[in-house]
>>> print(open('entry.pdb').read())   # PDB, C-alpha atoms
MODEL        1
ATOM      1  CA  MET A   1       0.000   0.000   0.000
ATOM      2  CA  ASN A   2       1.329   3.406  -0.924
ATOM      3  CA  PRO A   3       0.300   5.787   1.886
ATOM      4  CA  ALA A   4       0.524   8.769  -0.489
ATOM      5  CA  ARG A   5      -2.460   7.458  -2.545
ATOM      6  CA  GLY A   6      -6.054   7.798  -1.462
ATOM      7  CA  ASN A   7      -8.987  10.140  -1.819
ATOM      8  CA  GLY A   8      -9.651  11.097   1.799
ATOM      9  CA  VAL A   9      -8.138  13.805   3.952
ATOM     10  CA  LYS A  10      -4.829  12.725   5.433
ATOM     11  CA  VAL A  11      -4.012  13.869   8.952
ATOM     12  CA  VAL A  12      -0.762  13.231  10.792
ATOM     13  CA  GLY A  13      -0.678  13.224  14.584
ATOM     14  CA  ILE A  14       2.568  13.823  16.448
ATOM     15  CA  ASP A  15       3.576  12.960  20.009
ATOM     16  CA  PRO A  16       6.793  14.955  20.337
ATOM     17  CA  GLY A  17       9.731  13.984  22.544
ATOM     18  CA  SER A  18      13.501  14.312  22.197
ATOM     19  CA  LEU A  19      14.013  10.620  23.073
ATOM     20  CA  VAL A  20      10.970   9.190  21.291
ATOM     21  CA  THR A  21       8.714  11.055  18.864
ATOM     22  CA  GLY A  22       5.604   9.165  17.833
ATOM     23  CA  TYR A  23       3.707   9.796  14.613
ATOM     24  CA  GLY A  24       0.578   8.378  13.069
ATOM     25  CA  VAL A  25      -1.006   9.139   9.692
ATOM     26  CA  ILE A  26      -4.712   8.475   9.201
ATOM     27  CA  GLU A  27      -6.993   8.955   6.208
ATOM     28  CA  VAL A  28     -10.508  10.247   6.783
ATOM     29  CA  SER A  29     -13.089   9.554   4.014
ATOM     30  CA  GLY A  30     -16.614  10.541   5.006
ATOM     31  CA  SER A  31     -17.399   8.649   8.207
ATOM     32  CA  SER A  32     -14.644   6.063   7.740
ATOM     33  CA  VAL A  33     -11.112   6.439   9.008
ATOM     34  CA  ARG A  34      -8.090   4.194   8.569
ATOM     35  CA  ALA A  35      -4.480   4.180   9.689
ATOM     36  CA  LEU A  36      -1.954   4.569   6.878
ATOM     37  CA  GLU A  37       1.274   4.447   8.869
ATOM     38  CA  TYR A  38       2.337   4.812  12.475
ATOM     39  CA  SER A  39       5.672   4.422  14.182
ATOM     40  CA  VAL A  40       8.193   6.159  16.413
ATOM     41  CA  ILE A  41      11.489   7.944  15.813
ATOM     42  CA  ARG A  42      13.960   6.991  18.531
ATOM     43  CA  THR A  43      17.170   8.880  19.269
ATOM     44  CA  ASN A  44      20.216   7.890  21.277
ATOM     45  CA  PRO A  45      20.316   9.734  24.640
ATOM     46  CA  ARG A  46      24.126   9.663  24.489
ATOM     47  CA  ASP A  47      24.131  11.754  21.299
ATOM     48  CA  PRO A  48      24.247  15.565  21.616
ATOM     49  CA  LEU A  49      20.745  17.033  21.802
ATOM     50  CA  GLU A  50      21.205  19.074  18.612
ATOM     51  CA  ARG A  51      22.032  15.894  16.660
ATOM     52  CA  ARG A  52      18.976  14.113  18.091
ATOM     53  CA  LEU A  53      16.746  17.040  17.124
ATOM     54  CA  ALA A  54      18.181  16.915  13.600
ATOM     55  CA  GLN A  55      17.387  13.156  13.421
ATOM     56  CA  ILE A  56      13.793  13.853  14.484
ATOM     57  CA  TYR A  57      13.513  16.685  11.947
ATOM     58  CA  ASN A  58      14.916  14.601   9.090
ATOM     59  CA  GLY A  59      12.754  11.596   9.992
ATOM     60  CA  LEU A  60       9.589  13.701  10.139
ATOM     61  CA  VAL A  61      10.290  15.543   6.871
ATOM     62  CA  GLU A  62      10.937  12.206   5.102
ATOM     63  CA  MET A  63       7.634  10.820   6.461
ATOM     64  CA  LEU A  64       5.655  13.983   5.628
ATOM     65  CA  GLU A  65       6.950  14.021   2.045
ATOM     66  CA  ARG A  66       6.173  10.320   1.615
ATOM     67  CA  CYS A  67       2.703  10.292   3.210
ATOM     68  CA  GLY A  68       1.533  13.769   2.174
ATOM     69  CA  PRO A  69      -0.838  14.685   5.031
ATOM     70  CA  ARG A  70      -2.739  17.969   4.785
ATOM     71  CA  ILE A  71      -2.773  18.752   8.517
ATOM     72  CA  MET A  72      -0.541  18.051  11.514
ATOM     73  CA  ALA A  73      -2.273  17.605  14.898
ATOM     74  CA  VAL A  74      -0.123  18.016  18.014
ATOM     75  CA  GLU A  75      -1.025  17.800  21.677
ATOM     76  CA  GLU A  76      -0.671  20.999  23.698
ATOM     77  CA  VAL A  77       1.521  20.696  26.770
ATOM     78  CA  PHE A  78      -0.026  21.952  29.990
ATOM     79  CA  TYR A  79       1.675  20.064  32.717
ATOM     80  CA  ARG A  80       4.925  18.233  33.252
ATOM     81  CA  LYS A  81       6.695  17.072  36.371
ATOM     82  CA  ASN A  82       9.202  19.920  36.102
ATOM     83  CA  PHE A  83      10.175  22.853  33.937
ATOM     84  CA  ARG A  84      13.130  21.061  32.407
ATOM     85  CA  SER A  85      10.863  18.319  31.036
ATOM     86  CA  ALA A  86       8.391  20.958  29.734
ATOM     87  CA  VAL A  87      11.276  22.654  27.905
ATOM     88  CA  MET A  88      12.397  19.297  26.456
ATOM     89  CA  ILE A  89       8.902  18.532  25.138
ATOM     90  CA  GLY A  90       8.867  22.046  23.669
ATOM     91  CA  GLU A  91      12.183  21.457  21.894
ATOM     92  CA  ALA A  92      10.821  18.399  20.066
ATOM     93  CA  ARG A  93       7.448  20.112  19.523
ATOM     94  CA  GLY A  94       9.164  23.084  17.847
ATOM     95  CA  ILE A  95      11.062  20.682  15.560
ATOM     96  CA  ALA A  96       7.805  18.936  14.543
ATOM     97  CA  MET A  97       6.111  22.271  13.774
ATOM     98  CA  LEU A  98       9.118  23.454  11.737
ATOM     99  CA  ALA A  99       8.992  20.204   9.728
ATOM    100  CA  ALA A 100       5.282  20.907   9.042
ATOM    101  CA  ALA A 101       5.965  24.527   8.030
ATOM    102  CA  ASN A 102       8.794  23.516   5.694
ATOM    103  CA  CYS A 103       6.514  20.892   4.070
ATOM    104  CA  GLY A 104       3.640  23.395   3.672
ATOM    105  CA  ILE A 105       1.428  21.622   6.243
ATOM    106  CA  ALA A 106      -0.765  23.570   8.695
ATOM    107  CA  VAL A 107      -0.587  22.695  12.407
ATOM    108  CA  GLU A 108      -3.492  22.356  14.851
ATOM    109  CA  SER A 109      -2.904  22.045  18.604
ATOM    110  CA  TYR A 110      -5.336  20.207  20.868
ATOM    111  CA  PRO A 111      -5.470  20.117  24.673
ATOM    112  CA  PRO A 112      -4.868  16.612  26.139
ATOM    113  CA  ALA A 113      -8.391  16.470  27.618
ATOM    114  CA  ARG A 114      -9.956  17.183  24.218
ATOM    115  CA  ILE A 115      -7.951  14.377  22.595
ATOM    116  CA  LYS A 116      -9.021  11.917  25.320
ATOM    117  CA  GLN A 117     -12.626  13.080  25.029
ATOM    118  CA  ALA A 118     -12.552  12.583  21.258
ATOM    119  CA  VAL A 119     -11.032   9.096  21.399
ATOM    120  CA  VAL A 120     -12.323   7.576  24.649
ATOM    121  CA  GLY A 121     -15.328   9.837  25.336
ATOM    122  CA  ASN A 122     -13.807  10.864  28.669
ATOM    123  CA  GLY A 123     -11.395  13.799  29.077
ATOM    124  CA  ARG A 124      -9.782  12.122  32.082
ATOM    125  CA  ALA A 125      -9.087   8.756  30.445
ATOM    126  CA  VAL A 126      -5.791   7.065  31.326
ATOM    127  CA  LYS A 127      -3.025   6.104  28.844
ATOM    128  CA  GLY A 128      -4.102   2.445  28.514
ATOM    129  CA  GLN A 129      -7.681   3.426  27.620
ATOM    130  CA  VAL A 130      -6.466   5.786  24.872
ATOM    131  CA  ASN A 131      -4.236   3.068  23.411
ATOM    132  CA  SER A 132      -6.951   0.393  23.373
ATOM    133  CA  MET A 133      -9.584   2.758  21.894
ATOM    134  CA  VAL A 134      -7.146   3.907  19.184
ATOM    135  CA  SER A 135      -6.534   0.233  18.293
ATOM    136  CA  ARG A 136     -10.270  -0.480  18.218
ATOM    137  CA  ILE A 137     -11.303   2.613  16.176
ATOM    138  CA  LEU A 138      -8.603   1.974  13.579
ATOM    139  CA  SER A 139      -8.882  -1.872  13.704
ATOM    140  CA  LEU A 140      -5.141  -2.168  14.291
ATOM    141  CA  PRO A 141      -3.721  -5.709  14.243
ATOM    142  CA  ALA A 142      -1.902  -5.115  17.573
ATOM    143  CA  ALA A 143      -1.607  -2.369  20.196
ATOM    144  CA  PRO A 144       0.827   0.261  18.875
ATOM    145  CA  GLU A 145       3.711   1.632  20.914
ATOM    146  CA  GLU A 146       2.508   4.211  23.415
ATOM    147  CA  ASP A 147       3.952   7.245  21.613
ATOM    148  CA  ALA A 148       2.556   6.091  18.239
ATOM    149  CA  ALA A 149      -0.855   5.517  19.892
ATOM    150  CA  ASP A 150      -0.798   9.026  21.379
ATOM    151  CA  ALA A 151       0.090  10.419  17.951
ATOM    152  CA  LEU A 152      -2.801   8.516  16.318
ATOM    153  CA  ALA A 153      -5.101   9.813  19.092
ATOM    154  CA  ALA A 154      -4.172  13.421  18.209
ATOM    155  CA  ALA A 155      -4.879  12.703  14.529
ATOM    156  CA  LEU A 156      -8.243  11.086  15.423
ATOM    157  CA  CYS A 157      -9.115  14.145  17.529
ATOM    158  CA  HIS A 158      -8.580  16.336  14.466
ATOM    159  CA  SER A 159     -10.694  13.969  12.352
ATOM    160  CA  HIS A 160     -13.575  14.521  14.837
ATOM    161  CA  THR A 161     -13.221  18.252  14.211
ATOM    162  CA  LEU A 162     -13.485  17.547  10.461
ATOM    163  CA  SER A 163     -16.629  15.402  10.985
ATOM    164  CA  SER A 164     -18.350  17.986  13.186
ATOM    165  CA  ARG A 165     -17.562  20.715  10.643
ATOM    166  CA  ARG A 166     -19.214  18.592   7.952
ATOM    167  CA  VAL A 167     -22.266  18.063  10.170
ATOM    168  CA  GLN A 168     -22.499  21.816  10.777
ATOM    169  CA  LEU A 169     -22.314  22.548   7.043
ATOM    170  CA  ARG A 170     -25.194  20.224   6.106
TER     171      ARG A 170
ATOM    172  CA  MET B   1      33.590  44.682   8.294
ATOM    173  CA  ASN B   2      32.953  41.138   7.151
ATOM    174  CA  PRO B   3      32.051  39.138  10.265
ATOM    175  CA  ALA B   4      33.151  35.898   8.570
ATOM    176  CA  ARG B   5      36.806  37.085   8.524
ATOM    177  CA  GLY B   6      39.088  36.994  11.549
ATOM    178  CA  ASN B   7      41.597  34.743  13.266
ATOM    179  CA  GLY B   8      39.964  34.202  16.641
ATOM    180  CA  VAL B   9      37.380  31.681  17.772
ATOM    181  CA  LYS B  10      33.868  32.812  16.887
ATOM    182  CA  VAL B  11      31.084  32.040  19.349
ATOM    183  CA  VAL B  12      27.402  32.772  18.824
ATOM    184  CA  GLY B  13      25.113  33.184  21.816
ATOM    185  CA  ILE B  14      21.368  32.677  21.459
ATOM    186  CA  ASP B  15      18.483  33.890  23.625
ATOM    187  CA  PRO B  16      15.618  31.828  22.212
ATOM    188  CA  GLY B  17      11.987  32.931  22.140
ATOM    189  CA  SER B  18       9.129  32.428  19.686
ATOM    190  CA  LEU B  19       8.349  36.177  19.696
ATOM    191  CA  VAL B  20      11.892  37.524  19.906
ATOM    192  CA  THR B  21      15.069  35.486  19.480
ATOM    193  CA  GLY B  22      18.259  37.350  20.281
ATOM    194  CA  TYR B  23      21.660  36.451  18.880
ATOM    195  CA  GLY B  24      25.160  37.789  19.336
ATOM    196  CA  VAL B  25      28.397  36.724  17.656
ATOM    197  CA  ILE B  26      31.709  37.446  19.360
ATOM    198  CA  GLU B  27      35.290  36.719  18.371
ATOM    199  CA  VAL B  28      37.759  35.617  21.029
ATOM    200  CA  SER B  29      41.478  36.092  20.268
ATOM    201  CA  GLY B  30      43.716  35.351  23.240
ATOM    202  CA  SER B  31      42.547  37.607  26.053
ATOM    203  CA  SER B  32      40.679  40.019  23.774
ATOM    204  CA  VAL B  33      37.070  39.665  22.754
ATOM    205  CA  ARG B  34      34.982  41.747  20.377
ATOM    206  CA  ALA B  35      31.386  41.763  19.150
ATOM    207  CA  LEU B  36      30.991  40.986  15.454
ATOM    208  CA  GLU B  37      27.216  41.204  15.142
ATOM    209  CA  TYR B  38      24.209  41.213  17.448
ATOM    210  CA  SER B  39      20.530  41.661  16.813
ATOM    211  CA  VAL B  40      17.114  40.096  17.303
ATOM    212  CA  ILE B  41      14.733  38.148  15.063
ATOM    213  CA  ARG B  42      11.169  39.310  15.686
ATOM    214  CA  THR B  43       8.074  37.388  14.599
ATOM    215  CA  ASN B  44       4.474  38.477  14.304
ATOM    216  CA  PRO B  45       2.351  37.004  17.135
ATOM    217  CA  ARG B  46      -0.637  36.933  14.769
ATOM    218  CA  ASP B  47       1.157  34.506  12.422
ATOM    219  CA  PRO B  48       0.739  30.752  13.021
ATOM    220  CA  LEU B  49       3.407  29.435  15.392
ATOM    221  CA  GLU B  50       4.848  27.039  12.791
ATOM    222  CA  ARG B  51       5.440  29.961  10.392
ATOM    223  CA  ARG B  52       7.131  31.992  13.139
ATOM    224  CA  LEU B  53       9.393  29.063  14.011
ATOM    225  CA  ALA B  54      10.317  28.767  10.322
ATOM    226  CA  GLN B  55      11.191  32.502  10.242
ATOM    227  CA  ILE B  56      13.447  32.054  13.285
ATOM    228  CA  TYR B  57      15.067  28.982  11.723
ATOM    229  CA  ASN B  58      15.693  30.687   8.385
ATOM    230  CA  GLY B  59      17.017  33.844  10.069
ATOM    231  CA  LEU B  60      19.412  31.887  12.266
ATOM    232  CA  VAL B  61      20.698  29.677   9.437
ATOM    233  CA  GLU B  62      21.337  32.771   7.278
ATOM    234  CA  MET B  63      23.245  34.420  10.157
ATOM    235  CA  LEU B  64      25.238  31.244  11.003
ATOM    236  CA  GLU B  65      26.299  30.778   7.361
ATOM    237  CA  ARG B  66      27.297  34.441   7.095
ATOM    238  CA  CYS B  67      29.180  34.756  10.414
ATOM    239  CA  GLY B  68      30.615  31.205  10.629
ATOM    240  CA  PRO B  69      30.824  30.695  14.420
ATOM    241  CA  ARG B  70      32.371  27.466  15.698
ATOM    242  CA  ILE B  71      30.179  27.095  18.789
ATOM    243  CA  MET B  72      26.637  28.064  19.803
ATOM    244  CA  ALA B  73      26.064  28.925  23.484
ATOM    245  CA  VAL B  74      22.472  28.779  24.751
ATOM    246  CA  GLU B  75      21.045  29.425  28.192
ATOM    247  CA  GLU B  76      19.456  26.452  29.947
ATOM    248  CA  VAL B  77      15.892  27.019  31.092
ATOM    249  CA  PHE B  78      15.221  26.173  34.726
ATOM    250  CA  TYR B  79      12.312  28.305  35.693
ATOM    251  CA  ARG B  80       9.417  30.060  34.005
ATOM    252  CA  LYS B  81       6.202  31.482  35.334
ATOM    253  CA  ASN B  82       4.244  28.525  33.973
ATOM    254  CA  PHE B  83       4.613  25.335  32.001
ATOM    255  CA  ARG B  84       3.202  26.843  28.836
ATOM    256  CA  SER B  85       5.931  29.496  28.750
ATOM    257  CA  ALA B  86       8.596  26.826  29.457
ATOM    258  CA  VAL B  87       7.272  24.841  26.467
ATOM    259  CA  MET B  88       7.353  27.982  24.288
ATOM    260  CA  ILE B  89      10.974  28.717  25.199
ATOM    261  CA  GLY B  90      11.722  25.072  24.425
ATOM    262  CA  GLU B  91      10.119  25.358  20.992
ATOM    263  CA  ALA B  92      12.406  28.230  19.994
ATOM    264  CA  ARG B  93      15.389  26.595  21.724
ATOM    265  CA  GLY B  94      14.877  23.415  19.683
ATOM    266  CA  ILE B  95      14.783  25.483  16.489
ATOM    267  CA  ALA B  96      18.072  27.214  17.398
ATOM    268  CA  MET B  97      19.766  23.880  18.139
ATOM    269  CA  LEU B  98      18.500  22.390  14.870
ATOM    270  CA  ALA B  99      19.901  25.397  12.984
ATOM    271  CA  ALA B 100      23.276  24.751  14.683
ATOM    272  CA  ALA B 101      23.193  21.018  13.868
ATOM    273  CA  ASN B 102      22.324  21.675  10.224
ATOM    274  CA  CYS B 103      25.198  24.188   9.976
ATOM    275  CA  GLY B 104      27.679  21.759  11.622
ATOM    276  CA  ILE B 105      28.013  23.859  14.796
ATOM    277  CA  ALA B 106      28.274  22.273  18.260
ATOM    278  CA  VAL B 107      25.975  23.546  21.035
ATOM    279  CA  GLU B 108      26.886  24.243  24.667
ATOM    280  CA  SER B 109      24.230  24.946  27.299
ATOM    281  CA  TYR B 110      24.921  27.091  30.339
ATOM    282  CA  PRO B 111      22.794  27.587  33.473
ATOM    283  CA  PRO B 112      21.571  31.201  33.922
ATOM    284  CA  ALA B 113      23.557  31.626  37.156
ATOM    285  CA  ARG B 114      26.780  30.609  35.431
ATOM    286  CA  ILE B 115      26.217  33.152  32.639
ATOM    287  CA  LYS B 116      25.583  35.933  35.191
ATOM    288  CA  GLN B 117      28.611  34.862  37.204
ATOM    289  CA  ALA B 118      30.797  34.936  34.083
ATOM    290  CA  VAL B 119      29.610  38.363  32.932
ATOM    291  CA  VAL B 120      28.798  40.275  36.135
ATOM    292  CA  GLY B 121      30.734  38.205  38.688
ATOM    293  CA  ASN B 122      27.518  37.490  40.581
ATOM    294  CA  GLY B 123      25.214  34.538  39.799
ATOM    295  CA  ARG B 124      22.213  36.498  41.081
ATOM    296  CA  ALA B 125      22.734  39.629  39.009
ATOM    297  CA  VAL B 126      19.628  41.304  37.589
ATOM    298  CA  LYS B 127      18.888  41.901  33.879
ATOM    299  CA  GLY B 128      20.082  45.527  33.836
ATOM    300  CA  GLN B 129      23.449  44.584  35.328
ATOM    301  CA  VAL B 130      23.990  41.904  32.683
ATOM    302  CA  ASN B 131      23.163  44.348  29.903
ATOM    303  CA  SER B 132      25.481  47.100  31.170
ATOM    304  CA  MET B 133      28.390  44.691  31.793
ATOM    305  CA  VAL B 134      27.963  43.167  28.311
ATOM    306  CA  SER B 135      28.121  46.684  26.824
ATOM    307  CA  ARG B 136      31.211  47.528  28.883
ATOM    308  CA  ILE B 137      33.135  44.267  28.204
ATOM    309  CA  LEU B 138      32.509  44.512  24.462
ATOM    310  CA  SER B 139      32.795  48.348  24.312
ATOM    311  CA  LEU B 140      29.447  48.590  22.543
ATOM    312  CA  PRO B 141      28.456  52.057  21.294
ATOM    313  CA  ALA B 142      25.015  51.755  22.970
ATOM    314  CA  ALA B 143      23.121  49.317  25.182
ATOM    315  CA  PRO B 144      21.831  46.481  22.961
ATOM    316  CA  GLU B 145      18.253  45.241  23.048
ATOM    317  CA  GLU B 146      17.663  43.010  26.051
ATOM    318  CA  ASP B 147      17.448  39.733  24.077
ATOM    319  CA  ALA B 148      20.590  40.565  22.080
ATOM    320  CA  ALA B 149      22.403  41.433  25.347
ATOM    321  CA  ASP B 150      21.364  38.092  26.882
ATOM    322  CA  ALA B 151      22.600  36.307  23.757
ATOM    323  CA  LEU B 152      25.970  38.129  23.954
ATOM    324  CA  ALA B 153      26.150  37.209  27.665
ATOM    325  CA  ALA B 154      25.785  33.497  26.806
ATOM    326  CA  ALA B 155      28.546  33.839  24.185
ATOM    327  CA  LEU B 156      30.802  35.665  26.711
ATOM    328  CA  CYS B 157      30.158  32.888  29.244
ATOM    329  CA  HIS B 158      31.433  30.354  26.728
ATOM    330  CA  SER B 159      34.485  32.540  26.009
ATOM    331  CA  HIS B 160      35.329  32.374  29.750
ATOM    332  CA  THR B 161      35.287  28.590  29.475
ATOM    333  CA  LEU B 162      37.740  28.895  26.540
ATOM    334  CA  SER B 163      40.050  31.169  28.594
ATOM    335  CA  SER B 164      40.024  28.904  31.654
ATOM    336  CA  ARG B 165      40.790  25.858  29.462
ATOM    337  CA  ARG B 166      43.824  27.723  28.096
ATOM    338  CA  VAL B 167      44.976  28.617  31.614
ATOM    339  CA  GLN B 168      44.632  24.995  32.693
ATOM    340  CA  LEU B 169      46.671  23.817  29.702
ATOM    341  CA  ARG B 170      49.643  26.067  30.479
TER     342      ARG B 170
ENDMDL
END
>>> encode(input="entry.pdb", output="structure tokens")
Amino acid sequence: MNPARGNGVKVVGIDPGSLVTGYGVIEVSGSSVRALEYSVIRTNPRDPLERRLAQIYNGLVEMLERCGPRIMAVEEVFYRKNFRSAVMIGEARGIAMLAAANCGIAVESYPPARIKQAVVGNGRAVKGQVNSMVSRILSLPAAPEEDAADALAAALCHSHTLSSRRVQLR
Amino acid sequence: MNPARGNGVKVVGIDPGSLVTGYGVIEVSGSSVRALEYSVIRTNPRDPLERRLAQIYNGLVEMLERCGPRIMAVEEVFYRKNFRSAVMIGEARGIAMLAAANCGIAVESYPPARIKQAVVGNGRAVKGQVNSMVSRILSLPAAPEEDAADALAAALCHSHTLSSRRVQLR
């Protein structure tokens, strides 16, 4: 299957992190949605941070060019254990948004609670619930890695926005 | 003056921010240090964040290619008023580090207290003190913009590390 072909709207979700960045591309056609590709980009914590960020950037640009999504959905960051970890998420998040900008793809940010609400129907759902609902909605053969599941959840959240816009337009 | 010419070690300091990113390039030759170029990259807060990050990236890459520093010095982020602002600093910080990586420049991070100690001699110095000491050390004709001064301070902090390494080697 060539993920670049298809008639629906392609949305890529990103779960940014400097150690592991998850991504998931879905295609939305009317009321049906399917996963085209999902995986993670891992970097070596012993490498300098700037090299790891460049690996994430290059990996994302390669994927965006190959899959051709129209929109990137990224989770907003509201809370982390400490400021240093919030900064680190931001570093990878900035890289993902730059990759989108340089590939001509618009970015939409969604609060974590809205993503959980869209996927599980409960804004306070826990990680495991998000993962299993993502697998069920997209009929995945096996549970994806956590960061890829979170990325697919962000993409699914955006697809809900697309569906509700269509409903409003009718 | 062509900032790419000179025999000393060129260091660029960066003060990252998605609204204003400051940069300052200095040249260190033995015990003397001079400013080659310092300024800020401003973005329009009404533009989408991904476009602003791309403007910062393009501006930094253009400056790095023109000035040819060997090292980029960036302040570490320990504390911000809230997590959202820590994430935003991180976004711009990631962009600056990616620009360095893609220009083949190594990155060094310095804690804020160490930068203040290096420039003012006091790790708890306030903003105004940093700015006036940066102007004095580099004999600047006028006080630079705050973000450019902070960027020059990070570069000066790295130049201190260079000097102390030389002293240790003797």
>>> residues_near_point(input="entry.pdb", point="(-4.8, 5.1, 12.5)", cutoff="7 Å", atoms="all atoms listed in the file", output="PyMOL selection string")
chain A and resi 24-26+34-36+138+152
>>> interface_residues(input="entry.pdb", of="chain B", to="chain A", cutoff="8 Å", atoms="all atoms listed in the file", output="VMD selection string")
chain B and resid 49 to 51 53 to 54 77 to 80 83 to 84 86 to 95 97 to 98 100 to 102 106 to 107
>>> atom_distance(input="entry.pdb", atom1="CA of Ala118 (chain A)", atom2="CA of Tyr38 (chain A)")
19.0 Å
>>> residues_around(input="entry.pdb", residues="Val119 (chain A)", least_positions_apart="3", cutoff="8 Å", atoms="all atoms listed in the file", output="ChimeraX atom specification")
/A:115-116,122,130,133-134,153,156-157
>>> write_last_selection(input="entry.pdb", atoms="C-alpha atoms", output="PDB file, keeping the file's coordinate frame")
ATOM      1  CA  ILE A 115      -7.951  14.377  22.595  1.00  0.00           C
ATOM      2  CA  LYS A 116      -9.021  11.917  25.320  1.00  0.00           C
ATOM      3  CA  ASN A 122     -13.807  10.864  28.669  1.00  0.00           C
ATOM      4  CA  VAL A 130      -6.466   5.786  24.872  1.00  0.00           C
ATOM      5  CA  MET A 133      -9.584   2.758  21.894  1.00  0.00           C
ATOM      6  CA  VAL A 134      -7.146   3.907  19.184  1.00  0.00           C
ATOM      7  CA  ALA A 153      -5.101   9.813  19.092  1.00  0.00           C
ATOM      8  CA  LEU A 156      -8.243  11.086  15.423  1.00  0.00           C
ATOM      9  CA  CYS A 157      -9.115  14.145  17.529  1.00  0.00           C
TER      10      CYS A 157
END
>>> atom_distance(input="entry.pdb", atom1="CA of Lys127 (chain A)", atom2="CA of Gly22 (chain A)")
14.3 Å
>>> closest_residue(input="entry.pdb", among="A:Val40, A:Met72, A:Val20, A:Val9", to="Pro144 (chain A)", atoms="all atoms listed in the file")
A:Val40
>>> residues_around(input="entry.pdb", residues="Ser132 (chain A)", least_positions_apart="3", cutoff="12 Å", atoms="all atoms listed in the file", output="list of chain:residue names")
A:Lys116, A:Val119, A:Val120, A:Ala125, A:Val126, A:Lys127, A:Gly128, A:Gln129, A:Ser135, A:Arg136, A:Ile137, A:Leu138, A:Ser139, A:Leu140, A:Pro141, A:Ala142, A:Ala143, A:Pro144, A:Glu145, A:Glu146, A:Ala149, A:Asp150, A:Leu152, A:Ala153
>>> residues_near_point(input="entry.pdb", point="(21.3, 30.1, 24.6)", cutoff="7 Å", atoms="only C-alpha atoms", output="list in words")
Gly13, Ile14, Asp15, Pro16, Ala73, Val74, Glu75, Glu76, Ser109, Ala151 and Ala154 of chain B
>>> resolve_selection(input="entry.pdb", expression="the PyMOL selection byres ((chain A and resi 10) around 8)", output="PDB file with C-alpha atoms, keeping the file's coordinate frame")
ATOM      1  CA  GLY A   8      -9.651  11.097   1.799  1.00  0.00           C
ATOM      2  CA  VAL A   9      -8.138  13.805   3.952  1.00  0.00           C
ATOM      3  CA  VAL A  11      -4.012  13.869   8.952  1.00  0.00           C
ATOM      4  CA  VAL A  12      -0.762  13.231  10.792  1.00  0.00           C
ATOM      5  CA  VAL A  25      -1.006   9.139   9.692  1.00  0.00           C
ATOM      6  CA  ILE A  26      -4.712   8.475   9.201  1.00  0.00           C
ATOM      7  CA  GLU A  27      -6.993   8.955   6.208  1.00  0.00           C
ATOM      8  CA  VAL A  28     -10.508  10.247   6.783  1.00  0.00           C
ATOM      9  CA  GLY A  68       1.533  13.769   2.174  1.00  0.00           C
ATOM     10  CA  PRO A  69      -0.838  14.685   5.031  1.00  0.00           C
ATOM     11  CA  ARG A  70      -2.739  17.969   4.785  1.00  0.00           C
ATOM     12  CA  ILE A  71      -2.773  18.752   8.517  1.00  0.00           C
TER      13      ILE A  71
END
>>> axis_aligned_box(input="entry.pdb", around="region 144-161 of chain B", padding_each_side="6 Å", output="JSON")
{"center_x": 26.4, "center_y": 37.5, "center_z": 25.9, "size_x": 29.9, "size_y": 29.9, "size_z": 19.7}
>>> closest_residue(input="entry.pdb", among="A:Glu62, A:Ala148, A:Gly121, A:Gly30", to="Arg42 (chain A)", atoms="all atoms listed in the file")
A:Ala148
>>> atom_distance(input="entry.pdb", atom1="CA of Asp47 (chain B)", atom2="CA of Ile41 (chain A)")
28.7 Å
